[in-house]
$ cat data10.txt   # compact mmCIF, N, CA and C atoms
# COMPACT_ATOMS: atom_id res chain seq x y z
N MET A 7 -25.10 17.25 194.63
CA MET A 7 -25.64 16.39 195.66
C MET A 7 -25.89 17.23 196.92
N PRO A 8 -27.06 17.08 197.52
CA PRO A 8 -27.37 17.87 198.73
C PRO A 8 -26.58 17.37 199.94
N ILE A 9 -26.37 18.26 200.88
CA ILE A 9 -25.69 17.88 202.12
C ILE A 9 -26.64 17.03 202.96
N MET A 10 -26.09 16.01 203.60
CA MET A 10 -26.88 15.16 204.49
C MET A 10 -26.71 15.68 205.91
N VAL A 11 -27.74 15.51 206.71
CA VAL A 11 -27.71 15.95 208.11
C VAL A 11 -27.83 14.71 208.99
N ALA A 12 -27.02 14.69 210.05
CA ALA A 12 -27.02 13.54 210.95
C ALA A 12 -26.85 14.01 212.39
N SER A 13 -26.98 13.08 213.29
CA SER A 13 -26.69 13.33 214.69
C SER A 13 -25.89 12.14 215.22
N ASP A 14 -24.86 12.44 215.99
CA ASP A 14 -24.10 11.42 216.70
C ASP A 14 -24.20 11.74 218.18
N VAL A 15 -24.05 10.72 219.02
CA VAL A 15 -24.29 10.91 220.45
C VAL A 15 -23.19 10.27 221.28
N ILE A 16 -22.70 11.04 222.23
CA ILE A 16 -21.82 10.50 223.25
C ILE A 16 -22.72 10.22 224.45
N VAL A 17 -22.99 8.93 224.68
CA VAL A 17 -23.85 8.52 225.78
C VAL A 17 -22.94 8.17 226.96
N GLN A 18 -23.11 8.89 228.06
CA GLN A 18 -22.28 8.72 229.25
C GLN A 18 -22.97 7.80 230.26
N ASN A 19 -22.14 7.03 230.98
CA ASN A 19 -22.66 6.19 232.05
C ASN A 19 -21.50 5.82 232.98
N LYS A 20 -21.46 6.42 234.14
CA LYS A 20 -20.47 6.09 235.17
C LYS A 20 -19.03 6.13 234.65
N GLY A 21 -18.67 7.21 233.96
CA GLY A 21 -17.31 7.40 233.47
C GLY A 21 -17.00 6.67 232.17
N LYS A 22 -17.97 5.96 231.63
CA LYS A 22 -17.79 5.25 230.37
C LYS A 22 -18.70 5.87 229.31
N ILE A 23 -18.40 5.56 228.04
CA ILE A 23 -19.28 6.00 226.96
C ILE A 23 -19.69 4.79 226.13
N LEU A 24 -20.80 4.95 225.43
CA LEU A 24 -21.35 3.89 224.59
C LEU A 24 -20.65 3.90 223.23
N ILE A 25 -20.13 2.76 222.85
CA ILE A 25 -19.47 2.60 221.55
C ILE A 25 -20.12 1.42 220.84
N GLU A 26 -20.16 1.51 219.52
CA GLU A 26 -20.65 0.38 218.74
C GLU A 26 -19.63 -0.05 217.71
N LYS A 27 -19.71 -1.30 217.34
CA LYS A 27 -18.92 -1.83 216.24
C LYS A 27 -19.85 -1.87 215.04
N ARG A 28 -19.43 -1.23 213.95
CA ARG A 28 -20.30 -1.13 212.78
C ARG A 28 -20.50 -2.49 212.12
N GLY A 29 -21.76 -2.75 211.79
CA GLY A 29 -22.10 -4.01 211.14
C GLY A 29 -22.29 -3.86 209.65
N SER A 30 -22.14 -2.64 209.12
CA SER A 30 -22.33 -2.42 207.69
C SER A 30 -21.33 -1.38 207.19
N GLU A 31 -21.21 -1.32 205.88
CA GLU A 31 -20.34 -0.32 205.25
C GLU A 31 -21.03 1.04 205.27
N PRO A 32 -20.31 2.12 205.26
CA PRO A 32 -18.85 2.16 205.26
C PRO A 32 -18.28 1.86 206.65
N PHE A 33 -17.03 1.53 206.68
CA PHE A 33 -16.29 1.28 207.92
C PHE A 33 -16.76 0.05 208.69
N LYS A 34 -17.29 -0.95 207.99
CA LYS A 34 -17.75 -2.17 208.64
C LYS A 34 -16.64 -2.73 209.52
N GLY A 35 -16.99 -3.08 210.77
CA GLY A 35 -16.04 -3.66 211.71
C GLY A 35 -15.28 -2.65 212.56
N LEU A 36 -15.37 -1.37 212.23
CA LEU A 36 -14.70 -0.35 213.03
C LEU A 36 -15.64 0.17 214.11
N PHE A 37 -15.05 0.78 215.12
CA PHE A 37 -15.83 1.34 216.23
C PHE A 37 -16.27 2.77 215.93
N CYS A 38 -17.43 3.13 216.46
CA CYS A 38 -17.96 4.48 216.27
C CYS A 38 -18.96 4.79 217.39
N LEU A 39 -19.40 6.03 217.39
CA LEU A 39 -20.47 6.47 218.29
C LEU A 39 -21.81 6.09 217.69
N PRO A 40 -22.83 5.92 218.50
CA PRO A 40 -24.17 5.72 217.93
C PRO A 40 -24.63 7.01 217.25
N GLY A 41 -25.35 6.85 216.16
CA GLY A 41 -25.85 8.02 215.45
C GLY A 41 -26.35 7.64 214.08
N GLY A 42 -26.87 8.63 213.38
CA GLY A 42 -27.37 8.37 212.05
C GLY A 42 -28.06 9.57 211.45
N ARG A 43 -28.67 9.33 210.34
CA ARG A 43 -29.24 10.40 209.53
C ARG A 43 -30.56 10.94 210.08
N TRP A 44 -30.68 12.24 209.97
CA TRP A 44 -31.90 12.96 210.30
C TRP A 44 -32.97 12.61 209.28
N GLU A 45 -34.20 12.46 209.75
CA GLU A 45 -35.32 12.20 208.86
C GLU A 45 -36.23 13.42 208.83
N GLU A 46 -36.74 13.72 207.66
CA GLU A 46 -37.61 14.89 207.50
C GLU A 46 -38.76 14.84 208.51
N GLY A 47 -39.02 15.97 209.14
CA GLY A 47 -40.09 16.05 210.14
C GLY A 47 -39.58 15.87 211.56
N GLU A 48 -38.31 15.49 211.74
CA GLU A 48 -37.74 15.30 213.06
C GLU A 48 -37.00 16.56 213.52
N LYS A 49 -36.99 16.79 214.81
CA LYS A 49 -36.03 17.71 215.41
C LYS A 49 -34.73 16.93 215.50
N ILE A 50 -33.58 17.60 215.43
CA ILE A 50 -32.30 16.90 215.42
C ILE A 50 -32.09 16.13 216.72
N GLU A 51 -32.60 16.64 217.84
CA GLU A 51 -32.46 15.89 219.09
C GLU A 51 -33.32 14.62 219.09
N GLU A 52 -34.42 14.63 218.34
CA GLU A 52 -35.22 13.41 218.18
C GLU A 52 -34.45 12.37 217.38
N THR A 53 -33.68 12.83 216.39
CA THR A 53 -32.82 11.92 215.62
C THR A 53 -31.84 11.23 216.56
N ALA A 54 -31.21 12.01 217.43
CA ALA A 54 -30.24 11.45 218.37
C ALA A 54 -30.88 10.38 219.24
N LYS A 55 -32.01 10.67 219.81
CA LYS A 55 -32.70 9.71 220.68
C LYS A 55 -33.13 8.47 219.92
N ARG A 56 -33.66 8.65 218.71
CA ARG A 56 -34.12 7.51 217.90
C ARG A 56 -32.95 6.61 217.53
N GLU A 57 -31.85 7.21 217.10
CA GLU A 57 -30.70 6.41 216.67
C GLU A 57 -30.11 5.59 217.83
N VAL A 58 -29.99 6.18 219.01
CA VAL A 58 -29.46 5.43 220.16
C VAL A 58 -30.41 4.29 220.52
N LYS A 59 -31.70 4.56 220.47
CA LYS A 59 -32.69 3.52 220.78
C LYS A 59 -32.60 2.38 219.76
N GLU A 60 -32.49 2.71 218.47
CA GLU A 60 -32.41 1.69 217.43
C GLU A 60 -31.11 0.89 217.51
N GLU A 61 -30.00 1.55 217.81
CA GLU A 61 -28.70 0.89 217.75
C GLU A 61 -28.28 0.23 219.05
N ALA A 62 -28.79 0.71 220.20
CA ALA A 62 -28.36 0.15 221.48
C ALA A 62 -29.51 -0.24 222.40
N GLY A 63 -30.74 0.08 222.03
CA GLY A 63 -31.89 -0.34 222.81
C GLY A 63 -32.12 0.42 224.11
N ILE A 64 -31.54 1.62 224.24
CA ILE A 64 -31.73 2.38 225.48
C ILE A 64 -32.26 3.77 225.18
N ASP A 65 -32.87 4.34 226.20
CA ASP A 65 -33.32 5.73 226.16
C ASP A 65 -32.24 6.61 226.76
N ILE A 66 -32.20 7.85 226.30
CA ILE A 66 -31.19 8.79 226.78
C ILE A 66 -31.84 10.11 227.18
N GLU A 67 -31.10 10.86 228.00
CA GLU A 67 -31.49 12.22 228.33
C GLU A 67 -30.37 13.13 227.84
N ILE A 68 -30.67 13.95 226.84
CA ILE A 68 -29.67 14.84 226.27
C ILE A 68 -29.34 15.94 227.27
N LYS A 69 -28.03 16.15 227.47
CA LYS A 69 -27.54 17.13 228.44
C LYS A 69 -26.92 18.36 227.79
N ASP A 70 -26.26 18.19 226.64
CA ASP A 70 -25.51 19.29 226.05
C ASP A 70 -25.23 18.98 224.59
N ILE A 71 -24.72 19.98 223.89
CA ILE A 71 -24.22 19.80 222.53
C ILE A 71 -22.71 19.89 222.60
N LEU A 72 -22.02 18.86 222.11
CA LEU A 72 -20.57 18.93 222.03
C LEU A 72 -20.17 19.85 220.90
N GLY A 73 -20.83 19.71 219.75
CA GLY A 73 -20.47 20.57 218.62
C GLY A 73 -21.09 20.12 217.33
N VAL A 74 -20.67 20.81 216.27
CA VAL A 74 -21.14 20.55 214.91
C VAL A 74 -19.91 20.24 214.06
N TYR A 75 -19.96 19.14 213.34
CA TYR A 75 -18.85 18.68 212.53
C TYR A 75 -19.32 18.55 211.08
N SER A 76 -18.63 19.25 210.17
CA SER A 76 -19.12 19.30 208.79
C SER A 76 -18.02 19.16 207.74
N ASP A 77 -16.89 18.58 208.11
CA ASP A 77 -15.82 18.37 207.14
C ASP A 77 -16.39 17.55 205.98
N PRO A 78 -16.24 18.03 204.74
CA PRO A 78 -16.80 17.30 203.60
C PRO A 78 -16.26 15.87 203.46
N LYS A 79 -15.11 15.57 204.08
CA LYS A 79 -14.50 14.25 203.95
C LYS A 79 -14.84 13.32 205.11
N ARG A 80 -15.71 13.73 206.03
CA ARG A 80 -15.97 12.91 207.22
C ARG A 80 -16.77 11.64 206.92
N ASP A 81 -17.50 11.61 205.81
CA ASP A 81 -18.31 10.44 205.45
C ASP A 81 -18.11 10.15 203.97
N PRO A 82 -17.63 8.96 203.62
CA PRO A 82 -17.39 8.65 202.20
C PRO A 82 -18.66 8.57 201.35
N ARG A 83 -19.82 8.52 201.98
CA ARG A 83 -21.08 8.45 201.21
C ARG A 83 -21.52 9.80 200.69
N GLY A 84 -20.92 10.87 201.20
CA GLY A 84 -21.28 12.21 200.77
C GLY A 84 -21.12 13.21 201.90
N HIS A 85 -21.19 14.49 201.55
CA HIS A 85 -21.00 15.56 202.53
C HIS A 85 -22.11 15.48 203.59
N THR A 86 -21.68 15.23 204.84
CA THR A 86 -22.62 15.04 205.94
C THR A 86 -22.26 15.94 207.10
N LEU A 87 -23.20 16.73 207.53
CA LEU A 87 -23.06 17.57 208.71
C LEU A 87 -23.68 16.81 209.89
N THR A 88 -22.96 16.74 211.00
CA THR A 88 -23.53 16.09 212.18
C THR A 88 -23.53 17.03 213.37
N VAL A 89 -24.60 16.97 214.13
CA VAL A 89 -24.69 17.65 215.42
C VAL A 89 -24.43 16.56 216.47
N VAL A 90 -23.40 16.79 217.30
CA VAL A 90 -23.01 15.79 218.29
C VAL A 90 -23.54 16.21 219.66
N PHE A 91 -24.36 15.36 220.23
CA PHE A 91 -24.94 15.60 221.55
C PHE A 91 -24.21 14.79 222.61
N ILE A 92 -24.25 15.27 223.83
CA ILE A 92 -23.79 14.53 225.01
C ILE A 92 -25.05 14.20 225.79
N ALA A 93 -25.18 12.93 226.15
CA ALA A 93 -26.40 12.47 226.82
C ALA A 93 -26.04 11.50 227.94
N ASP A 94 -26.95 11.37 228.88
CA ASP A 94 -26.84 10.37 229.93
C ASP A 94 -27.74 9.19 229.57
N ALA A 95 -27.26 7.98 229.85
CA ALA A 95 -28.06 6.78 229.64
C ALA A 95 -29.12 6.71 230.74
N GLU A 96 -30.33 6.32 230.36
CA GLU A 96 -31.38 6.16 231.36
C GLU A 96 -31.36 4.77 231.98
N ASN A 97 -30.60 3.86 231.36
CA ASN A 97 -30.37 2.53 231.93
C ASN A 97 -29.08 1.97 231.33
N GLU A 98 -28.56 0.89 231.93
CA GLU A 98 -27.27 0.35 231.50
C GLU A 98 -27.39 -0.84 230.55
N GLU A 99 -28.55 -1.44 230.49
CA GLU A 99 -28.76 -2.65 229.69
C GLU A 99 -28.80 -2.29 228.21
N ILE A 100 -27.76 -2.65 227.47
CA ILE A 100 -27.69 -2.33 226.05
C ILE A 100 -27.72 -3.60 225.23
N LYS A 101 -28.25 -3.47 224.00
CA LYS A 101 -28.33 -4.59 223.09
C LYS A 101 -28.20 -4.06 221.67
N ALA A 102 -27.27 -4.63 220.90
CA ALA A 102 -27.03 -4.17 219.53
C ALA A 102 -28.26 -4.37 218.66
N GLY A 103 -28.53 -3.37 217.85
CA GLY A 103 -29.63 -3.42 216.91
C GLY A 103 -29.30 -2.56 215.70
N SER A 104 -30.21 -2.46 214.75
CA SER A 104 -30.04 -1.64 213.55
C SER A 104 -28.74 -2.03 212.85
N ASP A 105 -27.86 -1.06 212.57
CA ASP A 105 -26.62 -1.38 211.86
C ASP A 105 -25.42 -1.58 212.79
N ALA A 106 -25.68 -1.75 214.09
CA ALA A 106 -24.61 -2.01 215.06
C ALA A 106 -24.43 -3.52 215.22
N ALA A 107 -23.21 -4.00 215.01
CA ALA A 107 -22.93 -5.43 215.20
C ALA A 107 -22.73 -5.75 216.67
N GLU A 108 -22.27 -4.75 217.44
CA GLU A 108 -21.98 -4.94 218.86
C GLU A 108 -22.01 -3.57 219.52
N VAL A 109 -22.45 -3.52 220.78
CA VAL A 109 -22.40 -2.28 221.57
C VAL A 109 -21.81 -2.58 222.93
N PHE A 110 -21.08 -1.61 223.47
CA PHE A 110 -20.45 -1.82 224.77
C PHE A 110 -20.11 -0.49 225.41
N TRP A 111 -19.87 -0.52 226.73
CA TRP A 111 -19.43 0.65 227.50
C TRP A 111 -17.92 0.58 227.65
N ILE A 112 -17.24 1.72 227.50
CA ILE A 112 -15.78 1.76 227.64
C ILE A 112 -15.35 3.15 228.10
N GLU A 113 -14.25 3.19 228.83
CA GLU A 113 -13.67 4.48 229.20
C GLU A 113 -13.11 5.09 227.92
N PRO A 114 -13.41 6.36 227.64
CA PRO A 114 -12.97 6.95 226.36
C PRO A 114 -11.46 6.93 226.17
N GLU A 115 -10.70 7.01 227.25
CA GLU A 115 -9.24 7.01 227.15
C GLU A 115 -8.68 5.68 226.67
N LYS A 116 -9.46 4.61 226.73
CA LYS A 116 -9.00 3.28 226.33
C LYS A 116 -9.21 2.98 224.84
N LEU A 117 -9.85 3.89 224.14
CA LEU A 117 -10.12 3.68 222.71
C LEU A 117 -8.90 4.06 221.87
N GLU A 118 -8.73 3.36 220.76
CA GLU A 118 -7.73 3.71 219.75
C GLU A 118 -8.39 4.75 218.84
N LEU A 119 -8.26 6.02 219.17
CA LEU A 119 -9.01 7.07 218.49
C LEU A 119 -8.66 7.21 217.02
N ASP A 120 -7.43 6.88 216.64
CA ASP A 120 -7.02 7.00 215.24
C ASP A 120 -7.59 5.88 214.37
N GLU A 121 -8.20 4.89 214.98
CA GLU A 121 -8.71 3.74 214.23
C GLU A 121 -10.23 3.65 214.25
N MET A 122 -10.88 4.78 214.50
CA MET A 122 -12.34 4.78 214.57
C MET A 122 -12.96 5.21 213.24
N ALA A 123 -14.21 4.84 213.04
CA ALA A 123 -14.95 5.19 211.83
C ALA A 123 -15.24 6.70 211.79
N PHE A 124 -15.45 7.17 210.57
CA PHE A 124 -15.79 8.57 210.33
C PHE A 124 -14.74 9.46 211.01
N ASP A 125 -15.17 10.53 211.67
CA ASP A 125 -14.27 11.40 212.44
C ASP A 125 -14.53 11.24 213.94
N HIS A 126 -15.02 10.06 214.32
CA HIS A 126 -15.44 9.86 215.70
C HIS A 126 -14.28 9.84 216.68
N GLY A 127 -13.08 9.51 216.24
CA GLY A 127 -11.92 9.63 217.11
C GLY A 127 -11.68 11.07 217.51
N ARG A 128 -11.78 11.96 216.54
CA ARG A 128 -11.63 13.40 216.83
C ARG A 128 -12.74 13.88 217.76
N ILE A 129 -13.96 13.43 217.51
CA ILE A 129 -15.09 13.84 218.34
C ILE A 129 -14.88 13.39 219.79
N ILE A 130 -14.41 12.17 219.99
CA ILE A 130 -14.17 11.67 221.35
C ILE A 130 -13.02 12.44 222.00
N LYS A 131 -11.99 12.77 221.23
CA LYS A 131 -10.90 13.60 221.74
C LYS A 131 -11.45 14.95 222.22
N ASP A 132 -12.33 15.54 221.42
CA ASP A 132 -12.96 16.81 221.82
C ASP A 132 -13.80 16.63 223.08
N TYR A 133 -14.50 15.50 223.18
CA TYR A 133 -15.31 15.21 224.37
C TYR A 133 -14.43 15.13 225.62
N ILE A 134 -13.29 14.46 225.52
CA ILE A 134 -12.39 14.35 226.66
C ILE A 134 -11.97 15.75 227.11
N GLU A 135 -11.69 16.63 226.15
CA GLU A 135 -11.35 18.02 226.48
C GLU A 135 -12.57 18.75 227.06
N TRP A 136 -13.76 18.46 226.52
CA TRP A 136 -15.00 19.08 226.99
C TRP A 136 -15.25 18.76 228.47
N LEU A 137 -14.88 17.58 228.90
CA LEU A 137 -15.09 17.19 230.29
C LEU A 137 -14.45 18.18 231.26
N ASP A 138 -13.33 18.78 230.87
CA ASP A 138 -12.64 19.77 231.72
C ASP A 138 -13.11 21.19 231.46
N LYS A 139 -13.32 21.53 230.18
CA LYS A 139 -13.56 22.93 229.82
C LYS A 139 -15.01 23.29 229.51
N LYS A 140 -15.83 22.30 229.21
CA LYS A 140 -17.24 22.51 228.85
C LYS A 140 -17.41 23.53 227.74
N GLU A 141 -16.57 23.43 226.69
CA GLU A 141 -16.70 24.33 225.55
C GLU A 141 -17.18 23.57 224.33
N THR A 142 -17.71 24.30 223.36
CA THR A 142 -18.27 23.72 222.16
C THR A 142 -17.20 23.61 221.07
N PHE A 143 -17.32 22.60 220.23
CA PHE A 143 -16.36 22.34 219.17
C PHE A 143 -17.07 22.37 217.82
N TRP A 144 -16.27 22.53 216.76
CA TRP A 144 -16.79 22.44 215.40
C TRP A 144 -15.62 22.07 214.49
N SER A 145 -15.93 21.76 213.22
CA SER A 145 -14.95 21.19 212.31
C SER A 145 -13.66 22.00 212.18
N SER A 146 -13.74 23.30 212.12
CA SER A 146 -12.56 24.13 211.85
C SER A 146 -11.82 24.55 213.12
N LYS A 147 -12.37 24.24 214.27
CA LYS A 147 -11.76 24.66 215.53
C LYS A 147 -10.58 23.76 215.87
N GLY A 148 -9.52 24.36 216.31
CA GLY A 148 -8.37 23.60 216.80
C GLY A 148 -7.49 23.18 215.68
$ encode --input "data10.txt" --output "structure tokens"
Amino acid sequence: MPIMVASDVIVQNKGKILIEKRGSEPFKGLFCLPGGRWEEGEKIEETAKREVKEEAGIDIEIKDILGVYSDPKRDPRGHTLTVVFIADAENEEIKAGSDAAEVFWIEPEKLELDEMAFDHGRIIKDYIEWLDKKETFWSSKG
């Protein structure tokens, strides 16, 4: 089976980040970052922008790359590599769409990181560290 490529996004807005509640399997009902699969012909940053627009209805401005996560166990559907971007929201008005049942803004420290879908708890933990150190992360680091 070929490796799948995806992008996940930490969308920042006034000290909060955008989180969604999954409306479909896997991990239906759990919280995660907006993101999804890369489509042939797209640049990976276009995937990030498209997925946030589809899932939360907002445009973003990508600021940085948090890292690359490729643990073969991160997605039960198959081996998926994700590039995680950090972006600023271009507006605050969000509305759930695509496979998101709900979207909301929250301070990252208030999330139950061990109870998130995929490896997004780890990614948010790395983001909190990134806020101080501005360093890049990847699956085997730390």
$ atom_distance --input "data10.txt" --atom1 "atom C of A:Met122" --atom2 "atom CA of A:Asp65"
24.1 Å
$ residues_around --input "data10.txt" --residues "stretch 68-74 of chain A" --least-positions-apart "4" --cutoff "6 Å" --atoms "only N, CA and C atoms" --output "list in words"
Thr88, Val89, Val90, Phe91, Ile92, Ala93, Asp94, Glu141, Thr142, Phe143, Trp144 and Ser145 of chain A
$ atom_distance --input "data10.txt" --atom1 "atom N of A:Pro82" --atom2 "atom C of A:Leu39"
15.0 Å
$ residues_around --input "data10.txt" --residues "A:Ser104" --least-positions-apart "6" --cutoff "9 Å" --atoms "only C-alpha atoms" --output "NGL selection string"
:A and (29 or 57 or 60-62)
$ select_by_dssp --input "data10.txt" --residues "stretch 48-134 of chain A" --states "helix (DSSP H, G or I)" --output "mmCIF file with N, CA and C atoms, keeping the file's coordinate frame"
data_model
loop_
_atom_site.group_PDB
_atom_site.id
_atom_site.type_symbol
_atom_site.label_atom_id
_atom_site.label_comp_id
_atom_site.auth_asym_id
_atom_site.auth_seq_id
_atom_site.Cartn_x
_atom_site.Cartn_y
_atom_site.Cartn_z
ATOM 1 N N ILE A 50 -33.580 17.600 215.430
ATOM 2 C CA ILE A 50 -32.300 16.900 215.420
ATOM 3 C C ILE A 50 -32.090 16.130 216.720
ATOM 4 N N GLU A 51 -32.600 16.640 217.840
ATOM 5 C CA GLU A 51 -32.460 15.890 219.090
ATOM 6 C C GLU A 51 -33.320 14.620 219.090
ATOM 7 N N GLU A 52 -34.420 14.630 218.340
ATOM 8 C CA GLU A 52 -35.220 13.410 218.180
ATOM 9 C C GLU A 52 -34.450 12.370 217.380
ATOM 10 N N THR A 53 -33.680 12.830 216.390
ATOM 11 C CA THR A 53 -32.820 11.920 215.620
ATOM 12 C C THR A 53 -31.840 11.230 216.560
ATOM 13 N N ALA A 54 -31.210 12.010 217.430
ATOM 14 C CA ALA A 54 -30.240 11.450 218.370
ATOM 15 C C ALA A 54 -30.880 10.380 219.240
ATOM 16 N N LYS A 55 -32.010 10.670 219.810
ATOM 17 C CA LYS A 55 -32.700 9.710 220.680
ATOM 18 C C LYS A 55 -33.130 8.470 219.920
ATOM 19 N N ARG A 56 -33.660 8.650 218.710
ATOM 20 C CA ARG A 56 -34.120 7.510 217.900
ATOM 21 C C ARG A 56 -32.950 6.610 217.530
ATOM 22 N N GLU A 57 -31.850 7.210 217.100
ATOM 23 C CA GLU A 57 -30.700 6.410 216.670
ATOM 24 C C GLU A 57 -30.110 5.590 217.830
ATOM 25 N N VAL A 58 -29.990 6.180 219.010
ATOM 26 C CA VAL A 58 -29.460 5.430 220.160
ATOM 27 C C VAL A 58 -30.410 4.290 220.520
ATOM 28 N N LYS A 59 -31.700 4.560 220.470
ATOM 29 C CA LYS A 59 -32.690 3.520 220.780
ATOM 30 C C LYS A 59 -32.600 2.380 219.760
ATOM 31 N N GLU A 60 -32.490 2.710 218.470
ATOM 32 C CA GLU A 60 -32.410 1.690 217.430
ATOM 33 C C GLU A 60 -31.110 0.890 217.510
ATOM 34 N N GLU A 61 -30.000 1.550 217.810
ATOM 35 C CA GLU A 61 -28.700 0.890 217.750
ATOM 36 C C GLU A 61 -28.280 0.230 219.050
ATOM 37 N N ALA A 62 -28.790 0.710 220.200
ATOM 38 C CA ALA A 62 -28.360 0.150 221.480
ATOM 39 C C ALA A 62 -29.510 -0.240 222.400
ATOM 40 N N PRO A 114 -13.410 6.360 227.640
ATOM 41 C CA PRO A 114 -12.970 6.950 226.360
ATOM 42 C C PRO A 114 -11.460 6.930 226.170
ATOM 43 N N GLU A 115 -10.700 7.010 227.250
ATOM 44 C CA GLU A 115 -9.240 7.010 227.150
ATOM 45 C C GLU A 115 -8.680 5.680 226.670
ATOM 46 N N LYS A 116 -9.460 4.610 226.730
ATOM 47 C CA LYS A 116 -9.000 3.280 226.330
ATOM 48 C C LYS A 116 -9.210 2.980 224.840
ATOM 49 N N LEU A 119 -8.260 6.020 219.170
ATOM 50 C CA LEU A 119 -9.010 7.070 218.490
ATOM 51 C C LEU A 119 -8.660 7.210 217.020
ATOM 52 N N ASP A 120 -7.430 6.880 216.640
ATOM 53 C CA ASP A 120 -7.020 7.000 215.240
ATOM 54 C C ASP A 120 -7.590 5.880 214.370
ATOM 55 N N GLU A 121 -8.200 4.890 214.980
ATOM 56 C CA GLU A 121 -8.710 3.740 214.230
ATOM 57 C C GLU A 121 -10.230 3.650 214.250
ATOM 58 N N HIS A 126 -15.020 10.060 214.320
ATOM 59 C CA HIS A 126 -15.440 9.860 215.700
ATOM 60 C C HIS A 126 -14.280 9.840 216.680
ATOM 61 N N GLY A 127 -13.080 9.510 216.240
ATOM 62 C CA GLY A 127 -11.920 9.630 217.110
ATOM 63 C C GLY A 127 -11.680 11.070 217.510
ATOM 64 N N ARG A 128 -11.780 11.960 216.540
ATOM 65 C CA ARG A 128 -11.630 13.400 216.830
ATOM 66 C C ARG A 128 -12.740 13.880 217.760
ATOM 67 N N ILE A 129 -13.960 13.430 217.510
ATOM 68 C CA ILE A 129 -15.090 13.840 218.340
ATOM 69 C C ILE A 129 -14.880 13.390 219.790
ATOM 70 N N ILE A 130 -14.410 12.170 219.990
ATOM 71 C CA ILE A 130 -14.170 11.670 221.350
ATOM 72 C C ILE A 130 -13.020 12.440 222.000
ATOM 73 N N LYS A 131 -11.990 12.770 221.230
ATOM 74 C CA LYS A 131 -10.900 13.600 221.740
ATOM 75 C C LYS A 131 -11.450 14.950 222.220
ATOM 76 N N ASP A 132 -12.330 15.540 221.420
ATOM 77 C CA ASP A 132 -12.960 16.810 221.820
ATOM 78 C C ASP A 132 -13.800 16.630 223.080
ATOM 79 N N TYR A 133 -14.500 15.500 223.180
ATOM 80 C CA TYR A 133 -15.310 15.210 224.370
ATOM 81 C C TYR A 133 -14.430 15.130 225.620
ATOM 82 N N ILE A 134 -13.290 14.460 225.520
ATOM 83 C CA ILE A 134 -12.390 14.350 226.660
ATOM 84 C C ILE A 134 -11.970 15.750 227.110
#
$ closest_residue --input "data10.txt" --among "A:Ala95, A:Leu87, A:Val58, A:Ile50" --to "A:Gln18" --atoms "all atoms listed in the file"
A:Ala95
$ closest_residue --input "data10.txt" --among "A:Glu108, A:Glu45, A:Glu96, A:Glu118" --to "A:Glu67" --atoms "all atoms listed in the file"
A:Glu96
$ atom_distance --input "data10.txt" --atom1 "atom CA of A:Lys22" --atom2 "atom CA of A:Leu137"
12.2 Å
$ closest_residue --input "data10.txt" --among "A:Ala107, A:Ala123, A:Ala102, A:Ile130" --to "A:Ser30" --atoms "only N, CA and C atoms"
A:Ala107
$ closest_residue --input "data10.txt" --among "A:Glu98, A:Glu115, A:Glu52, A:Glu121" --to "A:Leu36" --atoms "only C-alpha atoms"
A:Glu121
$ select_by_dssp --input "data10.txt" --residues "chain A" --states "strand (DSSP E)" --output "ChimeraX atom specification"
/A:10-19,22-28,37-38,41-43,66-75,86-95,106-112,143-144
$ closest_residue --input "data10.txt" --among "A:Ile64, A:Ile16, A:Met7, A:Ile112" --to "A:Glu99" --atoms "only N, CA and C atoms"
A:Ile64
$ closest_residue --input "data10.txt" --among "A:Trp111, A:Trp44, A:Phe124, A:Tyr75" --to "A:Ser146" --atoms "only C-alpha atoms"
A:Tyr75
$ residues_around --input "data10.txt" --residues "A:Leu119" --least-positions-apart "6" --cutoff "9 Å" --atoms "only C-alpha atoms" --output "list in words"
His126, Gly127, Arg128, Ile130 and Lys131 of chain A
$ residues_near_point --input "data10.txt" --point "(-24.8, 5.9, 201.6)" --cutoff "8 Å" --atoms "all atoms listed in the file" --output "PDB file with N, CA and C atoms, keeping the file's coordinate frame"
ATOM      1  N   GLU A  31     -21.210  -1.320 205.880  1.00  0.00           N
ATOM      2  CA  GLU A  31     -20.340  -0.320 205.250  1.00  0.00           C
ATOM      3  C   GLU A  31     -21.030   1.040 205.270  1.00  0.00           C
ATOM      4  N   PRO A  32     -20.310   2.120 205.260  1.00  0.00           N
ATOM      5  CA  PRO A  32     -18.850   2.160 205.260  1.00  0.00           C
ATOM      6  C   PRO A  32     -18.280   1.860 206.650  1.00  0.00           C
ATOM      7  N   PRO A  82     -17.630   8.960 203.620  1.00  0.00           N
ATOM      8  CA  PRO A  82     -17.390   8.650 202.200  1.00  0.00           C
ATOM      9  C   PRO A  82     -18.660   8.570 201.350  1.00  0.00           C
ATOM     10  N   ARG A  83     -19.820   8.520 201.980  1.00  0.00           N
ATOM     11  CA  ARG A  83     -21.080   8.450 201.210  1.00  0.00           C
ATOM     12  C   ARG A  83     -21.520   9.800 200.690  1.00  0.00           C
ATOM     13  N   GLY A  84     -20.920  10.870 201.200  1.00  0.00           N
ATOM     14  CA  GLY A  84     -21.280  12.210 200.770  1.00  0.00           C
ATOM     15  C   GLY A  84     -21.120  13.210 201.900  1.00  0.00           C
TER      16      GLY A  84
END
